[in-house]
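Source file final-v7.txt; content: compact mmCIF, C-alpha atoms.
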```txt
# COMPACT_ATOMS: atom_id res chain seq x y z
CA MET A 1 76.54 -22.71 2.92
CA LYS A 2 79.02 -24.46 0.68
CA LEU A 3 76.25 -26.75 -0.59
CA PHE A 4 74.04 -23.71 -1.30
CA LYS A 5 76.82 -22.04 -3.36
CA THR A 6 77.37 -25.24 -5.31
CA ALA A 7 73.67 -25.53 -6.04
CA LEU A 8 73.56 -21.87 -7.08
CA ARG A 9 76.45 -22.37 -9.49
CA LEU A 10 74.75 -25.43 -10.98
CA PHE A 11 71.55 -23.43 -11.40
CA PHE A 12 73.32 -20.66 -13.32
CA LEU A 13 75.21 -23.25 -15.38
CA LEU A 14 71.94 -24.94 -16.36
CA LEU A 15 70.42 -21.54 -17.13
CA LEU A 16 73.32 -20.64 -19.41
CA SER A 17 73.19 -24.05 -21.10
CA SER A 18 69.46 -23.71 -21.68
CA SER A 19 69.92 -20.24 -23.16
CA PHE A 20 72.71 -21.50 -25.40
CA LEU A 21 70.64 -24.46 -26.66
CA HIS A 22 67.64 -22.21 -27.23
CA ALA A 23 69.80 -19.79 -29.21
CA GLN A 24 71.17 -22.68 -31.26
CA GLU A 25 67.65 -23.92 -31.98
CA GLU A 26 66.53 -20.43 -33.03
CA ALA A 27 69.58 -20.08 -35.28
CA HIS A 28 68.87 -23.49 -36.83
CA GLU A 29 65.22 -22.57 -37.47
CA ALA A 30 66.24 -19.20 -38.94
CA ALA A 31 68.76 -20.91 -41.24
CA HIS A 32 66.11 -23.46 -42.24
CA GLU A 33 63.57 -20.72 -42.98
CA ALA A 34 66.18 -18.75 -44.96
CA HIS A 35 67.00 -21.86 -46.97
CA GLU A 36 63.31 -22.49 -47.65
CA SER A 37 62.73 -18.86 -48.66
CA ASN A 38 65.48 -19.18 -51.26
CA ARG A 39 63.87 -22.23 -52.83
CA PRO A 40 62.02 -21.62 -56.10
CA ILE A 41 58.23 -21.87 -56.19
CA TYR A 42 58.50 -24.99 -58.35
CA LYS A 43 61.34 -27.49 -58.28
CA LEU A 44 61.68 -30.76 -60.19
CA ASP A 45 63.13 -33.21 -57.66
CA SER A 46 63.50 -36.32 -59.82
CA GLN A 47 62.50 -37.94 -63.08
CA ARG A 48 62.08 -41.71 -63.24
CA THR A 49 61.82 -43.75 -66.40
CA TRP A 50 60.42 -47.25 -65.95
CA PRO A 51 60.86 -49.58 -68.96
CA PHE A 52 59.20 -52.85 -67.97
CA PHE A 53 58.07 -56.07 -69.55
CA SER A 54 55.04 -58.09 -68.48
CA PHE A 55 54.96 -61.83 -69.03
CA LEU A 56 51.61 -63.58 -69.35
CA ASN A 57 50.55 -67.22 -69.38
CA ASP A 58 50.22 -67.36 -73.17
CA PRO A 59 53.56 -68.06 -74.93
CA GLY A 60 54.77 -64.99 -76.82
CA ASP A 61 51.80 -62.98 -75.55
CA ASP A 62 53.88 -60.50 -73.56
CA ALA A 63 53.53 -56.74 -73.15
CA SER A 64 55.97 -53.86 -72.88
CA THR A 65 55.47 -50.55 -71.10
CA LEU A 66 57.45 -47.34 -70.75
CA GLY A 67 56.44 -45.53 -67.56
CA LEU A 68 57.39 -41.87 -67.06
CA GLU A 69 57.24 -40.45 -63.54
CA PHE A 70 57.98 -36.88 -62.43
CA GLU A 71 58.36 -35.90 -58.77
CA SER A 72 58.39 -32.20 -57.89
CA THR A 73 57.82 -29.74 -55.04
CA ILE A 74 55.57 -26.69 -55.20
CA LYS A 75 55.96 -23.94 -52.59
CA LEU A 76 52.64 -22.37 -51.58
CA GLY A 77 52.60 -20.04 -48.57
CA GLN A 78 53.71 -22.01 -45.52
CA TYR A 79 53.32 -25.34 -47.28
CA ASN A 80 55.39 -27.55 -49.53
CA ILE A 81 53.24 -29.55 -51.92
CA LYS A 82 54.81 -32.76 -53.16
CA ASN A 83 53.56 -33.87 -56.56
CA ILE A 84 54.08 -37.12 -58.44
CA SER A 85 52.74 -37.37 -62.00
CA TYR A 86 52.82 -40.69 -63.84
CA PHE A 87 51.75 -41.94 -67.25
CA GLU A 88 52.69 -44.81 -69.55
CA VAL A 89 53.32 -45.59 -73.18
CA ASN A 90 51.84 -49.08 -73.55
CA GLN A 91 52.26 -51.80 -76.14
CA TYR A 92 49.86 -54.63 -75.34
CA PRO A 93 49.25 -57.65 -77.62
CA ARG A 94 45.83 -58.20 -76.01
CA PRO A 95 43.66 -56.75 -73.24
CA ILE A 96 45.21 -57.28 -69.79
CA PRO A 97 42.84 -57.17 -66.77
CA GLY A 98 43.62 -54.29 -64.44
CA GLN A 99 46.05 -52.62 -66.83
CA PRO A 100 46.57 -49.86 -67.71
CA VAL A 101 46.07 -48.38 -64.26
CA GLY A 102 42.47 -47.41 -63.68
CA ASN A 103 40.96 -49.30 -66.62
CA PRO A 104 38.30 -51.52 -65.02
CA ILE A 105 37.06 -53.11 -68.25
CA GLU A 106 38.14 -56.46 -69.65
CA GLY A 107 36.91 -57.97 -72.88
CA GLY A 108 34.05 -56.26 -74.73
CA ASN A 109 35.28 -53.34 -76.81
CA ILE A 110 38.81 -53.46 -75.40
CA LYS A 111 41.41 -54.24 -78.04
CA ALA A 112 45.17 -54.41 -78.41
CA VAL A 113 46.51 -50.93 -79.21
CA ASP A 114 49.61 -48.85 -78.56
CA GLY A 115 49.81 -45.39 -77.00
CA ILE A 116 49.66 -43.40 -73.76
CA ASN A 117 47.25 -44.14 -70.93
CA ASP A 118 45.50 -41.97 -68.34
CA LEU A 119 47.57 -39.48 -66.35
CA LEU A 120 47.77 -40.36 -62.64
CA MET A 121 48.75 -37.61 -60.17
CA GLY A 122 49.16 -37.27 -56.42
CA PHE A 123 49.51 -34.15 -54.24
CA TRP A 124 50.62 -34.19 -50.58
CA PHE A 125 50.80 -31.17 -48.24
CA ALA A 126 53.43 -30.57 -45.54
CA LYS A 127 54.00 -27.46 -43.44
CA ARG A 128 57.51 -26.18 -44.04
CA SER A 129 58.24 -25.31 -40.40
CA ALA A 130 57.15 -28.75 -39.17
CA HIS A 131 59.99 -31.03 -38.09
CA HIS A 132 59.81 -34.80 -38.15
CA GLY A 133 62.06 -37.59 -37.00
CA LYS A 134 62.26 -41.05 -38.46
CA HIS A 135 58.59 -41.03 -39.42
CA HIS A 136 57.00 -38.65 -41.91
CA LEU A 137 53.33 -38.79 -42.87
CA THR A 138 51.65 -36.34 -45.25
CA LEU A 139 48.06 -36.30 -46.43
CA GLY A 140 46.68 -35.22 -49.77
CA PHE A 141 44.68 -36.38 -52.73
CA ALA A 142 45.11 -38.23 -56.03
CA ALA A 143 43.49 -37.70 -59.41
CA GLN A 144 43.36 -39.57 -62.69
CA LEU A 145 42.65 -37.72 -65.94
CA PRO A 146 41.30 -39.42 -69.10
CA THR A 147 44.28 -38.62 -71.33
CA ALA A 148 44.50 -42.05 -73.01
CA ALA A 149 45.17 -42.11 -76.75
CA ASP A 150 42.56 -44.86 -77.21
CA PRO A 151 39.57 -45.99 -75.10
CA SER A 152 41.29 -49.36 -74.62
CA LEU A 153 44.19 -47.64 -72.85
CA GLY A 154 42.23 -45.67 -70.27
CA SER A 155 39.17 -45.53 -68.07
CA GLY A 156 37.27 -42.81 -69.93
CA GLN A 157 36.58 -41.29 -66.50
CA TRP A 158 37.67 -38.33 -64.38
CA SER A 159 38.60 -39.77 -61.00
CA ILE A 160 39.68 -38.36 -57.64
CA GLY A 161 40.15 -39.52 -54.06
CA PRO A 162 42.20 -39.29 -50.83
CA SER A 163 45.85 -40.27 -50.53
CA PHE A 164 48.71 -40.40 -48.06
CA ASP A 165 52.49 -40.60 -48.33
CA TYR A 166 54.33 -42.30 -45.46
CA GLU A 167 58.13 -42.40 -45.20
CA TYR A 168 60.43 -43.99 -42.63
CA GLU A 169 64.18 -43.37 -42.53
CA ASN A 170 66.63 -44.96 -40.13
CA GLY A 171 70.30 -45.40 -40.97
CA ARG A 172 70.66 -47.50 -44.11
CA LEU A 173 66.91 -48.10 -44.41
CA PHE A 174 64.43 -45.90 -46.26
CA ALA A 175 60.93 -47.32 -46.61
CA GLY A 176 57.29 -46.38 -46.80
CA ALA A 177 54.25 -46.41 -49.03
CA ILE A 178 51.98 -44.20 -51.06
CA ALA A 179 48.32 -45.18 -50.94
CA LEU A 180 45.42 -43.76 -52.93
CA GLN A 181 41.76 -44.51 -53.47
CA LEU A 182 40.08 -43.32 -56.68
CA TRP A 183 36.40 -42.92 -57.50
CA SER A 184 35.17 -41.66 -60.86
CA ILE A 185 33.18 -38.41 -60.69
CA ALA A 186 32.55 -37.72 -64.39
CA GLY A 187 33.17 -39.20 -67.81
CA SER A 188 31.68 -41.44 -70.45
CA SER A 189 28.38 -43.04 -69.45
CA GLU A 190 29.31 -46.04 -71.59
CA ARG A 191 32.28 -46.89 -69.36
CA LYS A 192 32.28 -48.53 -65.96
CA ASP A 193 32.92 -46.42 -62.89
CA VAL A 194 36.41 -46.42 -61.42
CA ASN A 195 36.66 -47.69 -57.84
CA MET A 196 40.31 -48.53 -57.30
CA LEU A 197 42.72 -48.76 -54.38
CA MET A 198 46.43 -48.61 -55.15
CA ILE A 199 49.27 -49.00 -52.66
CA LYS A 200 52.80 -48.37 -53.88
CA PRO A 201 55.27 -49.62 -51.25
CA PHE A 202 58.99 -48.87 -51.46
CA ILE A 203 61.98 -50.22 -49.57
CA VAL A 204 65.55 -49.04 -50.13
CA TYR A 205 68.34 -50.63 -48.08
CA ASN A 206 71.92 -49.51 -48.61
CA ILE A 207 74.37 -52.42 -48.45
CA ALA A 208 77.47 -50.80 -49.99
CA LYS A 209 78.62 -47.41 -51.22
CA ARG A 210 76.18 -46.33 -53.97
CA PHE A 211 74.49 -49.74 -54.11
CA ASP A 212 71.02 -50.43 -52.67
CA LEU A 213 68.64 -53.35 -52.47
CA ILE A 214 65.19 -52.13 -53.55
CA TYR A 215 61.56 -53.17 -53.58
CA MET A 216 59.55 -50.78 -55.79
CA PRO A 217 56.80 -52.72 -57.54
CA TYR A 218 54.17 -51.51 -59.96
CA GLY A 219 51.87 -51.46 -56.96
CA VAL A 220 49.31 -53.46 -55.05
CA SER A 221 46.00 -52.70 -56.74
CA VAL A 222 42.43 -53.61 -55.85
CA TYR A 223 39.48 -53.06 -58.20
CA TRP A 224 36.47 -53.06 -55.89
CA ASN A 225 33.94 -53.36 -58.72
CA LYS A 226 35.30 -56.71 -59.94
CA PRO A 227 34.76 -60.23 -58.59
CA SER A 228 37.19 -60.98 -55.77
CA SER A 229 39.06 -63.56 -57.86
CA GLU A 230 39.74 -60.96 -60.56
CA ALA A 231 40.25 -57.82 -58.47
CA VAL A 232 43.73 -57.91 -56.95
CA TYR A 233 47.36 -57.66 -58.03
CA LEU A 234 49.96 -58.48 -55.35
CA PRO A 235 53.60 -58.47 -56.56
CA LEU A 236 56.50 -60.04 -54.64
CA GLY A 237 60.15 -59.71 -55.65
CA GLY A 238 62.73 -56.95 -55.78
CA GLY A 239 66.19 -56.08 -57.10
CA GLY A 240 68.98 -53.52 -56.80
CA GLN A 241 70.06 -50.08 -57.91
CA TYR A 242 73.40 -48.30 -58.36
CA GLN A 243 73.97 -44.56 -57.94
CA PHE A 244 76.19 -42.57 -60.28
CA PRO A 245 76.98 -39.01 -59.08
CA LEU A 246 76.68 -36.44 -61.88
CA GLY A 247 78.21 -33.19 -60.67
CA LYS A 248 77.40 -31.63 -57.30
CA THR A 249 73.61 -31.76 -57.32
CA THR A 250 72.54 -34.53 -59.69
CA THR A 251 72.58 -38.31 -59.26
CA LEU A 252 71.77 -41.01 -61.82
CA ASN A 253 70.18 -44.16 -60.38
CA THR A 254 69.95 -47.30 -62.48
CA GLY A 255 68.19 -50.42 -61.29
CA VAL A 256 66.56 -53.70 -62.22
CA GLN A 257 63.86 -55.71 -60.42
CA PHE A 258 61.89 -58.89 -61.01
CA PHE A 259 58.42 -59.60 -59.60
CA LYS A 260 55.84 -62.32 -59.57
CA ASN A 261 52.20 -61.38 -59.09
CA VAL A 262 51.32 -64.06 -56.54
CA ILE A 263 47.70 -62.84 -56.59
CA ARG A 264 46.37 -61.72 -59.97
CA PRO A 265 43.36 -61.89 -62.30
CA THR A 266 42.94 -65.08 -64.35
CA LYS A 267 44.31 -63.50 -67.54
CA GLY A 268 46.53 -61.00 -65.78
CA THR A 269 50.27 -60.43 -65.76
CA VAL A 270 52.24 -63.27 -64.15
CA TYR A 271 55.76 -61.75 -64.05
CA ASP A 272 57.15 -58.22 -64.39
CA LEU A 273 60.74 -57.32 -65.26
CA ARG A 274 61.27 -53.66 -64.35
CA PHE A 275 64.19 -51.38 -65.17
CA LEU A 276 64.83 -47.99 -63.60
CA VAL A 277 66.59 -44.91 -64.94
CA GLU A 278 66.24 -42.05 -62.46
CA PHE A 279 67.72 -38.56 -62.36
CA VAL A 280 67.67 -36.99 -58.87
CA PHE A 281 68.23 -33.23 -58.92
```
How does the structure come out when it is put into structure tokens?
Amino acid sequence: MKLFKTALRLFFLLLLSSSFLHAQEEAHEAAHEAHESNRPIYKLDSQRTWPFFSFLNDPGDDASTLGLEFESTIKLGQYNIKNISYFEVNQYPRPIPGQPVGNPIEGGNIKAVDGINDLLMGFWFAKRSAHHGKHHLTLGFAAQLPTAADPSLGSGQWSIGPSFDYEYENGRLFAGAIALQLWSIAGSSERKDVNMLMIKPFIVYNIAKRFDLIYMPYGVSVYWNKPSSEAVYLPLGGGGQYQFPLGKTTTLNTGVQFFKNVIRPTKGTVYDLRFLVEFVF
């Protein structure tokens, strides 16, 4: 009888604990939904400025680029849509195979000019009520628009394709990759079709307060319509970044990285020196 009473008490204790945990979970979800409902339809999450310098084999034949990247969130029904838009202001002394992004031509009518290149955008969809742990994978699509100021700085094509954004977070480590495949669907008949794979890995490891080791290269790119010896860029290297808090909601990140393209086209970029100025809102 005594054992039965003890078991009965344990049963009611477990029942109360379960009810309490369930109530806590419901309260957490309600607070999360209330927070999400208060978010604006569009929110700029960060703005990254990438001044970088590309060093080629020819002495003094180096290039400079100013990359501008905007990351934002769009609220649409039950979904959050993450968007990254990226374009460059290029200053190239000569044609560089595989650059700007999405320009598959080398030689021919390509010449050394200055100006903006094609606009590259990615969109990834995540359900707002979905919870994730250390791993977060979202699917979406990427598009490239022929916004270049000169034919030498762009593909002359409208391109689109699938994409995914994978993130992993565990303690001091934040890592992942964005991958996209682009095929041209319209554009100038005088230009080659775009058939490009780009993978942009990122690794951030915090080693001290406000200081991180980082690996954020220009990207691993593969141009499928080129000979295998001229089709791939694979950068190795890295650097660091320091975070400056600006008020309660804004952080300024500054960083520097150095890369060597261990696989590259014959007349491609050998080294890249990349600087970062990022505002996180």
Note to self: Give me the residues near segment 219-233 of chain A as a VMD selection string, where near means some atom within 8 Å (using only C-alpha atoms) and where sequence neighbours in that chain fewer than 6 positions away do not count.
What the structure shows: chain A and resid 97 to 98 104 194 to 201 261 to 266
For segment 87-91 of chain A, work out the shell of residues within 7 Å, counting all atoms listed in the file and skipping chain neighbours fewer than 6 positions away, then give it as a list in words. Ala63, Ser64, Thr65, Leu66, Gly67, Leu68, Glu69, Val113, Asp114, Gly115, Ile116, Asn117, Asp118, Leu119 and Leu120 of chain A
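Distances here use only C-alpha atoms; by that measure, the residue among A:Gln157, A:Ser152, A:Gln257, A:Thr250 closest to Tyr92 of chain A is A:Ser152.
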If you count all atoms listed in the file, the residue of A:Phe125, A:Phe281, A:Tyr271, A:Tyr215 closest to Phe174 of chain A turns out to be A:Tyr215
Discussion item. What's around Ile203 of chain A at 12 Å? Count all atoms listed in the file, leave out sequence neighbours fewer than 3 positions away in its own chain, and write the answer as JSON, numbers by chain.
Written reply: {"A": [166, 167, 168, 169, 170, 172, 173, 174, 175, 176, 177, 178, 200, 206, 212, 213, 214, 215, 216, 217, 237, 238, 239, 240, 241]}
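The space separating atom CA of Ser159 of chain A from atom CA of Leu139 of chain A comes to 17.7 Å.
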Checklist line | Polymer residues at most 10 Å from Gly77 of chain A, only C-alpha atoms, same-chain spacing of 6 or more positions, as a PyMOL selection string | finding: chain A and resi 41+127-128
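Interatomic distance, atom CA of Pro100 of chain A to atom CA of Pro162 of chain A: 20.4 Å.
Comparing the minimum interatomic distances between Gly161 of chain A and each of A:Phe123, A:Thr138, A:Lys192, A:Gly187, counting only C-alpha atoms, we find that A:Phe123 sits nearest.
Atom CA of Gln99 of chain A lies 8.0 Å from atom CA of Leu153 of chain A.
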Do you know which residues are at most 12 Å from Leu246 of chain A counting all atoms listed in the file, after dropping those on the same chain fewer than 2 positions away, and could you put them as a PyMOL selection string?
chain A and resi 243-244+248-253+278-281
